[in-house]
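Note sheet for the following structure.
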Amino acid sequence: MGENQGKKNTEPPARRAACNLSGIKNQGGTCYLNSLLQTLLYTPEFRESLFALGPEELGDLSDKDKPESKVRVIPLELQRLFAQLLLADQLAASTSDLTDSFGWTSNEETSQHDVQELNRILFSALESSLVGTSGHNLINRLYRGIVVNKILCEECDNISERQEDFLDLTAAVKDVSGLEEALYDLYVEEEHFDNDNLYQCGRCEKLVKAIKSAKIRHLPTFLTISLLRFNFDFAKCERYKETGGYSFPVRLDMQPFCEHDNLPGTEYELFSVIIHKGGCYGGHYHAYIKDIDQLGNWFSSDEEKAVISSTKNPTNDASPLELGDPLEILRAILVQLGPDGILVDQLGQKLLEKVGVAWNKRYRKQCGSIRKFLESHPDVFLLKANGARVALKHSEHGYSGQQLNKTKVRKTQIGNSKADSEHGDDAERTQSITPTSEVHWFDFDDSQVRPIQEKDIEKQFQGKECAYMLFYRKSQLQRPEQARGNSRYKVPANLQEEMATLDANLQQQRAEFDSAANNIEIHLHLGPMYKFENGALQPVSSQKDSVLTITIDRRKTVGDLMQTIFQQLDFWKGDMVISLAKQLPAGLHLYETFKEDHSSLHSLGITDGTILFVWDGNKVCGVDVQMGEEFEPLLLNILYPHLRRKSETEIVQFCETQKVFTRNTCFGSIREALALSTGISPEELTLCYRKFKNKTSSNWVACDNEDIHTTLAQLRLKDGDSMLATDQKYNGLSVPCPNDIPLNVVPQTDRSWLQIKNYCGEGLPQTAATVVTIPVTMEMLVSALKDNAIEKLKLKDEKENEICLRPIDRVGKLLPPVYENLTVKDAGFKTGSTLALFPGRTPTETQLFLYFTIGDRLHLSPEMEIVAEQSISVRECLQLMLEKAGLSGEHWHLRKTDWCCDAGEVLKDEEATLADMKITNGETLIIMEGRLPPKGFLTLPIWFYQPALNSVNTEYFQANKSIDEGLCSLSILPTTRDFMPQQYTDTELDFLGNIEISGDANLEDLKVQVLTLPLLQGFSVPSVQFLRVWLLENKSPVKILRNQQQQLGKFKFGSSVGIGIQLLQAEEHLGSTELLLRLRMAVPGERTYYPAMEVVWDVSKEFTARALRQRISQHYSLLPEQIEIAKQFTDLFEWMPITTWSQQVSKKKKKKKLQSLQGAPYYLKDGDVIGVKNLLIDNNKDFSTMTDDIGKEKLKLEDNSKDKSQQSTAHQSGDATENSERQIVRGQTRRPEVALSISVADFR
């Protein structure tokens, strides 16, 4: 058994998936390598050029360890890997030999690197490895292109030219909509050298105006484009990934970017996209690749669903992955994985990927663990490798034979055979024929390969999972007809032979593994060697002589097993019946008989080590044998008293014996049997069983006359448990028993019981309610418990349907009524629990019992109750509650309670049902005053926004004063905290009230409605154009709302958004390209500023520092070089200088691509404060003020106080050490990135 078990744990590589394409194993962090290798493999011209290099040029891998041998290991290992991926019948190939040839250690194999960097390094390593061979120019011939950079002098027309080779082009992603725009910026747009950025002409020998441009002079056969997804945020000092929309075409014409108009072969087709999922510090790579030679079996997702569905019902068109049946979902997943299946531990993850819901979250409660579910359906699932792997059974792998019209893929199912040699999975594999007229795409994700559609590429335009490298091939390239569908095309003969040997070895490993995984040992107990005695089967002689152990394939049938037994037992004559048995302490017991000869052993649950009983099916030694779980024998320890005399004193001792009873034996029968063996009369005999309170203490519970029909199974007694048969006169004594544990016989009143209080009397206070005790069993129904309570309380005059049972908690609160179809156990009642008989009907399964209160002060408001149907709407439920509470009107709404029992989530959708809103039985709802806005309406908080400017008139000051007085009269004060940055700025917010407005209304309607607020009634506003509307987030202005006719719904206001209203002195018509800034000129020689002035800046042409400097200098009538500017970050009390030095040395192609102030690190927006210094009179370039120093100090103190409070909290909870460790970890920087390299020998 030990050797057999060892074989089961060594599983050979799985076969290829249904798509017939092989993946590559991930060594821990080599997904970037796998994606690039698959791309190179499915570049036929590269693959065939590599295969064309023979051993006479590259050497032999067997000689690589010989000294002074010139074996070019990297191309040889790459050839061998490509041959495995093309020819070997395995799900995924390993790259360990290839990475070993790179000189990589485990650090490189488990650390992720950049695939763009790998592409350049790998090509360089191949070039070095192929020096001196016919393939020395392989990389340049296929991937080399030429870019020419020209600078034209506008005075002498001299052209300075510089030529550059490239193997891949880099394309910008930031602020670019797509690949073609990025190429346009690189190779069409021209850069002008003028003004303060002139060019030094070699012919003119002076600084002149010039034009710089770049063009492509030579296009490669294969065009590789690397997308610059990763950038650096100077404000946060960290890298980030550009995840915005970025389109790229499937067919690309490079003619507009070339130097010559008549350059041939400028049209390209996309054939590979390497995709990165994650952030800039880690993630995962996979590749979408076009199967140019049509080597794989492709099928669309719709057809895949149809095939999966047909395994259950050929006429059913629904996809099992969209249904709730876990059996169909797991069946569909395993059909996709093929006959080799998947590890059971990985099936849950695969389910999460396919359906989006974890097994434990959705199915565990009703179906148990996923392994238990698989074992409970042996007719569908086949567990391999001693239960470690699962696949579908034979008949589940074959498709229905239907034609898939769209892809014309023909599936043929190979039938099952009963021959031993055909029990393996080889006969289950599905054969496919791919059409020869279409070329399709596949997703290569490490070991997994799946078919996709070309339109799926568009999903990689944006998001955290997006395109990272693009590979194009010239459209004019044509593949020979003999290469189509032929994976052996141009593969060298020696590699074909090596792969044939590998396949033979894999097939042998699978056969051996299949045999080891499916061979089981069965212990056959022979009927003629047994007798039925003391309630169980006992061997006549020794156990060894009565048992026959055989090894058999679990996929064989019961008939096959019988045939094997007949062959080994020459003495057997007559009929043979095989029954499942189990060895119990009392002996051998039979459970079920296998009657269907054609059923497989595995489907019947027969596993390694199973015990089977072989007999004629009638009697054993002339005695009838009762089978099944209900007749299972229990070996019990029976204690009974014995009176012994010692020194003229009678001492009671308890003796112990063992008796066997079946599980369905009732107490009455046991009492009669023990009365005969103990000599105690049945009238005086008290039968008790042990009930454990905990692991160390127990009581003996006496059984009364009501328990005579209770069985051992109902009390859940098991083998080895004890029962006490004693005389009634010994009850209440504590006497020693044989195991030295004191034996306490407790009175009958200590059995399972519940207390029932009567709350049905009129005007009866709870403290005066009558209480009765009802004995119960855990299997008793709640309805029976209620009937017993009504009978004992003599409430026959009451209508039973008008009374319900309600639990009472520890503080005396009445809990929701209990459904009467539940048992005492299912209802969760424990011995001694208290329940109340309460007036009212018991809710049905479609009804909800709800508590509700009025207002958000739950501890002050009385709690009321209602019963409502789950199908009624929230509005109808609210109406029922209002009627119960005696309230009227429509200005009410419902809210849930949160975990603190405070007012929580608002039930906004009043037309939704209680079930849709996930209202549960016993939940408490709160009726709050205030009507919800109708559907499509918005409730917006309005604030008065008062920025301090130097250009305000008396009316403005009077307006502010009257608003402040109005707010004070209503006891509404401006919003402040102990410390806010607004205290150190010239901004103040005053709350005016909420308004309710339709989402279809426009901005002008909003302004009109704002003017109707009571606190603004005293103002004379000529028109709504004199109002400026700010968008507030967290009570800070972030944006001015423009376009008077814009619908409010289009602004997409969030939950924390407010509206700020600012009064203006003149009409304002801000355009969409105009930015409002506040300029503050520094006071010379002082650390302060003059009052702010508003300036409108048109950013339609440029949003750059140079353009902003020109606009500000124009406002102050100064030259651009005579001022310094900086943006104020009010929340941090810092100023960031806005400079143009990086733009003066920029090498980009057009001016509009200079650094935009809208992005990092400035993020310029409406209302930002720009500090200005006049360098003619103020040479101090420090923009900070005394207020900034105070604010920074306040922030520092706040941070210190927070740290101290966190540390004190951590000390109190015993986590001080852990907290300090976390602070140390946070302070550590990221591990420095290690450059990727490939070691290559010198072949020159």
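Labels for the structure tokens follow display order: chains A, B, ..., residues from 1 in each chain, ligands from 1.
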Tell me, as an mmCIF file with C-alpha atoms, in the first residue's frame, which residues lie within 12 Å of Gly993 in chain A, counting only C-alpha atoms; anything in the same chain fewer than 3 positions away does not count.
data_model
loop_
_atom_site.group_PDB
_atom_site.id
_atom_site.type_symbol
_atom_site.label_atom_id
_atom_site.label_comp_id
_atom_site.auth_asym_id
_atom_site.auth_seq_id
_atom_site.Cartn_x
_atom_site.Cartn_y
_atom_site.Cartn_z
ATOM 1 C CA THR A 939 -31.393 66.914 -2.816
ATOM 2 C CA LEU A 940 -28.473 69.335 -2.740
ATOM 3 C CA PRO A 941 -27.033 71.185 0.296
ATOM 4 C CA ILE A 942 -26.463 74.870 -0.531
ATOM 5 C CA TRP A 943 -23.639 76.889 1.046
ATOM 6 C CA PHE A 944 -22.837 80.572 0.807
ATOM 7 C CA LEU A 967 -27.544 82.627 10.269
ATOM 8 C CA LEU A 970 -31.415 80.754 13.284
ATOM 9 C CA ILE A 972 -26.728 78.307 12.489
ATOM 10 C CA ASP A 990 -22.183 79.346 5.585
ATOM 11 C CA GLU A 996 -34.841 69.573 -4.061
ATOM 12 C CA GLN A 1009 -34.312 77.954 -7.130
ATOM 13 C CA VAL A 1010 -31.349 78.917 -4.931
ATOM 14 C CA LEU A 1011 -32.549 82.528 -4.920
ATOM 15 C CA THR A 1012 -35.814 81.342 -3.312
ATOM 16 C CA LEU A 1013 -34.035 80.252 -0.133
ATOM 17 C CA PRO A 1014 -35.178 82.368 2.851
ATOM 18 C CA LEU A 1015 -31.702 83.666 3.711
ATOM 19 C CA LEU A 1016 -31.242 85.079 0.189
ATOM 20 C CA GLY A 1058 -22.373 70.338 -2.021
ATOM 21 C CA ILE A 1059 -23.147 73.499 -3.952
ATOM 22 C CA GLY A 1060 -21.437 76.797 -3.166
ATOM 23 C CA ILE A 1061 -23.064 80.070 -4.234
#
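Rounded to one decimal, CA of Glu1121 in chain A and CA of Tyr1089 in chain A lie 20.4 Å from each other.
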Give the strand (DSSP E) residues of range 43-156 of chain A, as DSSP finds them on the backbone, and put them as a count of residues only. 11
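All residues in range 139-290 of chain A with a DSSP state of helix (DSSP H, G or I), computed from the backbone, read Ile139, Asn140, Arg141, Leu142, Tyr143, Leu179, Glu180, Glu181, Ala182, Leu183, Tyr184, Asp185, Leu186, Tyr187, Gln255, Pro256 and Phe257 of chain A.
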Selection from above, all heavy atoms, as a compact mmCIF listing (two decimals), in the first residue's frame, can you write it?
# COMPACT_ATOMS: atom_id res chain seq x y z
N ILE A 139 17.77 38.56 -36.20
CA ILE A 139 17.01 39.62 -35.52
C ILE A 139 16.91 40.86 -36.40
O ILE A 139 15.82 41.43 -36.57
CB ILE A 139 17.66 39.95 -34.16
CG1 ILE A 139 17.72 38.71 -33.27
CG2 ILE A 139 16.89 41.07 -33.47
CD1 ILE A 139 16.38 38.11 -32.96
N ASN A 140 18.04 41.29 -36.97
CA ASN A 140 18.02 42.49 -37.81
C ASN A 140 17.16 42.28 -39.04
O ASN A 140 16.47 43.20 -39.50
CB ASN A 140 19.45 42.87 -38.22
CG ASN A 140 20.21 43.50 -37.07
OD1 ASN A 140 19.62 44.06 -36.16
ND2 ASN A 140 21.54 43.40 -37.10
N ARG A 141 17.23 41.09 -39.61
CA ARG A 141 16.46 40.83 -40.84
C ARG A 141 14.96 40.92 -40.60
O ARG A 141 14.21 41.36 -41.48
CB ARG A 141 16.83 39.44 -41.37
CG ARG A 141 16.04 39.00 -42.60
CD ARG A 141 16.70 37.78 -43.24
NE ARG A 141 16.89 36.71 -42.28
CZ ARG A 141 15.95 35.80 -41.97
NH1 ARG A 141 14.77 35.87 -42.56
NH2 ARG A 141 16.19 34.84 -41.10
N LEU A 142 14.50 40.52 -39.43
CA LEU A 142 13.06 40.47 -39.16
C LEU A 142 12.54 41.69 -38.40
O LEU A 142 11.39 42.09 -38.59
CB LEU A 142 12.72 39.20 -38.36
CG LEU A 142 13.01 37.87 -39.05
CD1 LEU A 142 12.62 36.72 -38.13
CD2 LEU A 142 12.26 37.75 -40.37
N TYR A 143 13.37 42.30 -37.54
CA TYR A 143 12.85 43.30 -36.62
C TYR A 143 13.50 44.68 -36.74
O TYR A 143 13.04 45.61 -36.10
CB TYR A 143 13.01 42.81 -35.17
CG TYR A 143 12.18 41.60 -34.85
CD1 TYR A 143 12.72 40.32 -34.96
CD2 TYR A 143 10.86 41.72 -34.45
CE1 TYR A 143 11.96 39.19 -34.67
CE2 TYR A 143 10.08 40.61 -34.15
CZ TYR A 143 10.64 39.34 -34.27
OH TYR A 143 9.88 38.24 -33.99
N LEU A 179 -2.80 54.89 -30.56
CA LEU A 179 -1.50 54.64 -31.18
C LEU A 179 -1.26 55.56 -32.37
O LEU A 179 -0.16 56.12 -32.53
CB LEU A 179 -1.42 53.17 -31.61
CG LEU A 179 -0.19 52.76 -32.40
CD1 LEU A 179 1.07 52.96 -31.58
CD2 LEU A 179 -0.31 51.32 -32.87
N GLU A 180 -2.26 55.75 -33.21
CA GLU A 180 -2.05 56.54 -34.42
C GLU A 180 -1.76 58.00 -34.07
O GLU A 180 -0.93 58.65 -34.74
CB GLU A 180 -3.28 56.42 -35.32
CG GLU A 180 -3.41 55.03 -35.93
CD GLU A 180 -4.72 54.81 -36.64
OE1 GLU A 180 -5.77 55.03 -36.03
OE2 GLU A 180 -4.70 54.43 -37.82
N GLU A 181 -2.39 58.51 -33.03
CA GLU A 181 -2.09 59.88 -32.61
C GLU A 181 -0.66 59.98 -32.07
O GLU A 181 0.06 60.95 -32.32
CB GLU A 181 -3.08 60.34 -31.54
CG GLU A 181 -2.84 61.79 -31.10
CD GLU A 181 -3.78 62.24 -30.01
OE1 GLU A 181 -4.77 61.52 -29.73
OE2 GLU A 181 -3.53 63.31 -29.42
N ALA A 182 -0.23 58.94 -31.31
CA ALA A 182 1.13 58.93 -30.78
C ALA A 182 2.15 58.89 -31.91
O ALA A 182 3.18 59.60 -31.88
CB ALA A 182 1.31 57.74 -29.85
N LEU A 183 1.90 58.07 -32.93
CA LEU A 183 2.82 58.02 -34.08
C LEU A 183 2.80 59.34 -34.85
O LEU A 183 3.83 59.78 -35.37
CB LEU A 183 2.42 56.86 -35.00
CG LEU A 183 2.62 55.45 -34.41
CD1 LEU A 183 2.09 54.40 -35.38
CD2 LEU A 183 4.08 55.19 -34.11
N TYR A 184 1.64 59.97 -34.90
CA TYR A 184 1.53 61.27 -35.57
C TYR A 184 2.40 62.30 -34.85
O TYR A 184 3.10 63.10 -35.49
CB TYR A 184 0.06 61.70 -35.58
CG TYR A 184 -0.19 62.98 -36.36
CD1 TYR A 184 -0.46 62.96 -37.72
CD2 TYR A 184 -0.17 64.22 -35.71
CE1 TYR A 184 -0.70 64.13 -38.43
CE2 TYR A 184 -0.39 65.39 -36.40
CZ TYR A 184 -0.67 65.34 -37.77
OH TYR A 184 -0.90 66.51 -38.46
N ASP A 185 2.34 62.27 -33.50
CA ASP A 185 3.16 63.21 -32.73
C ASP A 185 4.65 62.96 -32.97
O ASP A 185 5.45 63.90 -33.00
CB ASP A 185 2.85 63.08 -31.24
CG ASP A 185 1.44 63.53 -30.91
OD1 ASP A 185 0.83 64.22 -31.75
OD2 ASP A 185 0.95 63.20 -29.82
N LEU A 186 5.03 61.70 -33.14
CA LEU A 186 6.44 61.35 -33.29
C LEU A 186 6.97 61.63 -34.69
O LEU A 186 8.09 62.15 -34.85
CB LEU A 186 6.64 59.88 -32.95
CG LEU A 186 6.57 59.50 -31.46
CD1 LEU A 186 6.53 57.98 -31.31
CD2 LEU A 186 7.76 60.06 -30.70
N TYR A 187 6.20 61.30 -35.72
CA TYR A 187 6.75 61.26 -37.07
C TYR A 187 6.04 62.16 -38.08
O TYR A 187 6.33 62.10 -39.26
CB TYR A 187 6.73 59.82 -37.59
CG TYR A 187 7.48 58.88 -36.68
CD1 TYR A 187 6.82 57.87 -35.99
CD2 TYR A 187 8.84 59.04 -36.48
CE1 TYR A 187 7.50 57.02 -35.13
CE2 TYR A 187 9.54 58.20 -35.63
CZ TYR A 187 8.87 57.19 -34.96
OH TYR A 187 9.55 56.37 -34.11
N GLN A 255 2.34 54.41 -43.84
CA GLN A 255 2.77 55.30 -44.91
C GLN A 255 2.88 56.77 -44.46
O GLN A 255 3.86 57.45 -44.79
CB GLN A 255 1.79 55.19 -46.09
CG GLN A 255 2.16 56.05 -47.30
CD GLN A 255 3.50 55.66 -47.89
OE1 GLN A 255 3.71 54.52 -48.24
NE2 GLN A 255 4.44 56.60 -47.97
N PRO A 256 1.92 57.30 -43.66
CA PRO A 256 2.02 58.72 -43.26
C PRO A 256 3.25 59.03 -42.41
O PRO A 256 3.62 60.19 -42.28
CB PRO A 256 0.73 58.96 -42.46
CG PRO A 256 -0.20 57.88 -42.88
CD PRO A 256 0.66 56.70 -43.18
N PHE A 257 3.90 58.01 -41.86
CA PHE A 257 5.01 58.24 -40.95
C PHE A 257 6.37 57.93 -41.58
O PHE A 257 7.39 57.97 -40.89
CB PHE A 257 4.82 57.39 -39.68
CG PHE A 257 3.40 57.36 -39.18
CD1 PHE A 257 2.67 56.18 -39.13
CD2 PHE A 257 2.78 58.54 -38.77
CE1 PHE A 257 1.37 56.17 -38.69
CE2 PHE A 257 1.48 58.53 -38.31
CZ PHE A 257 0.77 57.34 -38.28
Which residue of A:Arg555, A:Arg473, A:Arg806, A:Lys150 approaches Ser515 in chain A most closely, using only C-alpha atoms: A:Arg555
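With distances restricted to only C-alpha atoms, A:Val782 is the closest residue to Leu822 in chain A from A:Ala467, A:Ala581, A:Val782, A:Val357.
Here the question is which of A:Ser1117, A:Thr773, A:Thr1104, A:Thr844 gets nearest to Leu1157 in chain A using only C-alpha atoms, and that residue is A:Thr1104.
Take the candidates A:Leu351, A:Val273, A:Ile522, A:Val625 and check each one against Lys459 in chain A using only C-alpha atoms; the shortest distance goes to A:Val273.
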Determine, counting only C-alpha atoms, which protein, DNA and RNA residues have an atom within 9 Å of an atom of Leu50 in chain A; residues of the same chain fewer than 4 positions away are not included. Present the result as number ranges by chain. A: 45-46, 54, 75-76, 78-79, 135, 138
Can you pull out every residue within 9 Å of range 492-504 of chain A, counting only C-alpha atoms, but drop anything in the same chain fewer than 6 positions away, and send it as an NGL selection string? :A and (51-52 or 54 or 79-80 or 83-84 or 87-90)
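Between CA of Met469 in chain A and CA of Ile274 in chain A the interatomic distance comes to 5.0 Å.
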Leaving out Thr564 in chain A and any residue of its chain fewer than 3 positions from it, which residues lie within 12 Å of it when counting only C-alpha atoms, given as JSON, numbers by chain? {"A": [522, 524, 548, 549, 550, 551, 552, 553, 556, 557, 558, 559, 560, 561, 567, 568, 569, 570]}
Could you pull the residues within 10 Å of Ile1170 in chain A, counting only C-alpha atoms, minus those fewer than 5 positions along the same chain, as a list in words? Leu1077, Arg1078, Leu1079, Arg1080, Met1081, Ala1092, Met1093, Ile1112, Ile1125, Ala1126, Lys1127, Gln1128, Phe1129, Trp1135, Met1136, Pro1137, Ile1138 and Leu1164 of chain A
Output N, CA, C and O atoms of each residue in that selection to a file, as a PDB file, in the first residue's frame.
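Full text of out.pdb as output:
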ATOM      1  N   LEU A1077      -8.569  81.804 -11.912  1.00  0.00           N
ATOM      2  CA  LEU A1077      -7.492  81.729 -10.937  1.00  0.00           C
ATOM      3  C   LEU A1077      -7.511  82.957 -10.039  1.00  0.00           C
ATOM      4  O   LEU A1077      -8.002  84.015 -10.433  1.00  0.00           O
ATOM      5  N   ARG A1078      -6.941  82.831  -8.851  1.00  0.00           N
ATOM      6  CA  ARG A1078      -6.829  83.954  -7.942  1.00  0.00           C
ATOM      7  C   ARG A1078      -5.344  84.298  -7.808  1.00  0.00           C
ATOM      8  O   ARG A1078      -4.559  83.485  -7.313  1.00  0.00           O
ATOM      9  N   LEU A1079      -4.989  85.492  -8.254  1.00  0.00           N
ATOM     10  CA  LEU A1079      -3.600  85.932  -8.215  1.00  0.00           C
ATOM     11  C   LEU A1079      -3.357  86.755  -6.962  1.00  0.00           C
ATOM     12  O   LEU A1079      -4.155  87.629  -6.604  1.00  0.00           O
ATOM     13  N   ARG A1080      -2.235  86.464  -6.305  1.00  0.00           N
ATOM     14  CA  ARG A1080      -1.865  87.220  -5.101  1.00  0.00           C
ATOM     15  C   ARG A1080      -0.417  87.688  -5.276  1.00  0.00           C
ATOM     16  O   ARG A1080       0.509  86.868  -5.305  1.00  0.00           O
ATOM     17  N   MET A1081      -0.248  89.005  -5.407  1.00  0.00           N
ATOM     18  CA  MET A1081       1.081  89.594  -5.568  1.00  0.00           C
ATOM     19  C   MET A1081       1.738  89.719  -4.197  1.00  0.00           C
ATOM     20  O   MET A1081       1.130  90.197  -3.238  1.00  0.00           O
ATOM     21  N   ALA A1092      -6.279  88.990  -2.958  1.00  0.00           N
ATOM     22  CA  ALA A1092      -6.339  88.217  -4.196  1.00  0.00           C
ATOM     23  C   ALA A1092      -7.150  88.947  -5.251  1.00  0.00           C
ATOM     24  O   ALA A1092      -8.098  89.695  -4.950  1.00  0.00           O
ATOM     25  N   MET A1093      -6.789  88.688  -6.514  1.00  0.00           N
ATOM     26  CA  MET A1093      -7.508  89.243  -7.661  1.00  0.00           C
ATOM     27  C   MET A1093      -7.853  88.080  -8.593  1.00  0.00           C
ATOM     28  O   MET A1093      -7.032  87.192  -8.835  1.00  0.00           O
ATOM     29  N   ILE A1112      -0.129  85.918 -16.775  1.00  0.00           N
ATOM     30  CA  ILE A1112       0.028  86.672 -15.524  1.00  0.00           C
ATOM     31  C   ILE A1112       0.865  87.923 -15.760  1.00  0.00           C
ATOM     32  O   ILE A1112       0.548  89.016 -15.240  1.00  0.00           O
ATOM     33  N   ILE A1125       6.277  82.584 -10.294  1.00  0.00           N
ATOM     34  CA  ILE A1125       4.922  82.208  -9.879  1.00  0.00           C
ATOM     35  C   ILE A1125       4.976  80.858  -9.156  1.00  0.00           C
ATOM     36  O   ILE A1125       5.890  80.040  -9.356  1.00  0.00           O
ATOM     37  N   ALA A1126       3.984  80.625  -8.296  1.00  0.00           N
ATOM     38  CA  ALA A1126       3.897  79.365  -7.543  1.00  0.00           C
ATOM     39  C   ALA A1126       2.433  79.117  -7.209  1.00  0.00           C
ATOM     40  O   ALA A1126       1.650  80.056  -7.015  1.00  0.00           O
ATOM     41  N   LYS A1127       2.077  77.844  -7.125  1.00  0.00           N
ATOM     42  CA  LYS A1127       0.715  77.474  -6.736  1.00  0.00           C
ATOM     43  C   LYS A1127       0.669  77.180  -5.248  1.00  0.00           C
ATOM     44  O   LYS A1127       1.561  76.537  -4.690  1.00  0.00           O
ATOM     45  N   GLN A1128      -0.389  77.648  -4.601  1.00  0.00           N
ATOM     46  CA  GLN A1128      -0.559  77.414  -3.168  1.00  0.00           C
ATOM     47  C   GLN A1128      -1.399  76.150  -2.945  1.00  0.00           C
ATOM     48  O   GLN A1128      -2.479  75.995  -3.510  1.00  0.00           O
ATOM     49  N   PHE A1129      -0.866  75.234  -2.110  1.00  0.00           N
ATOM     50  CA  PHE A1129      -1.614  74.058  -1.668  1.00  0.00           C
ATOM     51  C   PHE A1129      -2.085  74.358  -0.248  1.00  0.00           C
ATOM     52  O   PHE A1129      -1.347  74.173   0.727  1.00  0.00           O
ATOM     53  N   TRP A1135       3.802  76.033  -1.005  1.00  0.00           N
ATOM     54  CA  TRP A1135       3.781  76.668  -2.320  1.00  0.00           C
ATOM     55  C   TRP A1135       4.710  75.883  -3.236  1.00  0.00           C
ATOM     56  O   TRP A1135       5.840  75.557  -2.846  1.00  0.00           O
ATOM     57  N   MET A1136       4.245  75.599  -4.446  1.00  0.00           N
ATOM     58  CA  MET A1136       5.071  74.880  -5.419  1.00  0.00           C
ATOM     59  C   MET A1136       5.372  75.813  -6.593  1.00  0.00           C
ATOM     60  O   MET A1136       4.458  76.211  -7.318  1.00  0.00           O
ATOM     61  N   PRO A1137       6.655  76.176  -6.783  1.00  0.00           N
ATOM     62  CA  PRO A1137       7.000  77.053  -7.911  1.00  0.00           C
ATOM     63  C   PRO A1137       6.629  76.413  -9.254  1.00  0.00           C
ATOM     64  O   PRO A1137       6.795  75.205  -9.442  1.00  0.00           O
ATOM     65  N   ILE A1138       6.121  77.226 -10.155  1.00  0.00           N
ATOM     66  CA  ILE A1138       5.758  76.771 -11.504  1.00  0.00           C
ATOM     67  C   ILE A1138       6.841  77.257 -12.446  1.00  0.00           C
ATOM     68  O   ILE A1138       6.950  78.446 -12.736  1.00  0.00           O
ATOM     69  N   LEU A1164      -3.848  71.952 -11.696  1.00  0.00           N
ATOM     70  CA  LEU A1164      -4.433  73.283 -11.626  1.00  0.00           C
ATOM     71  C   LEU A1164      -5.924  73.213 -11.910  1.00  0.00           C
ATOM     72  O   LEU A1164      -6.361  72.548 -12.858  1.00  0.00           O
TER      73      LEU A1164
END
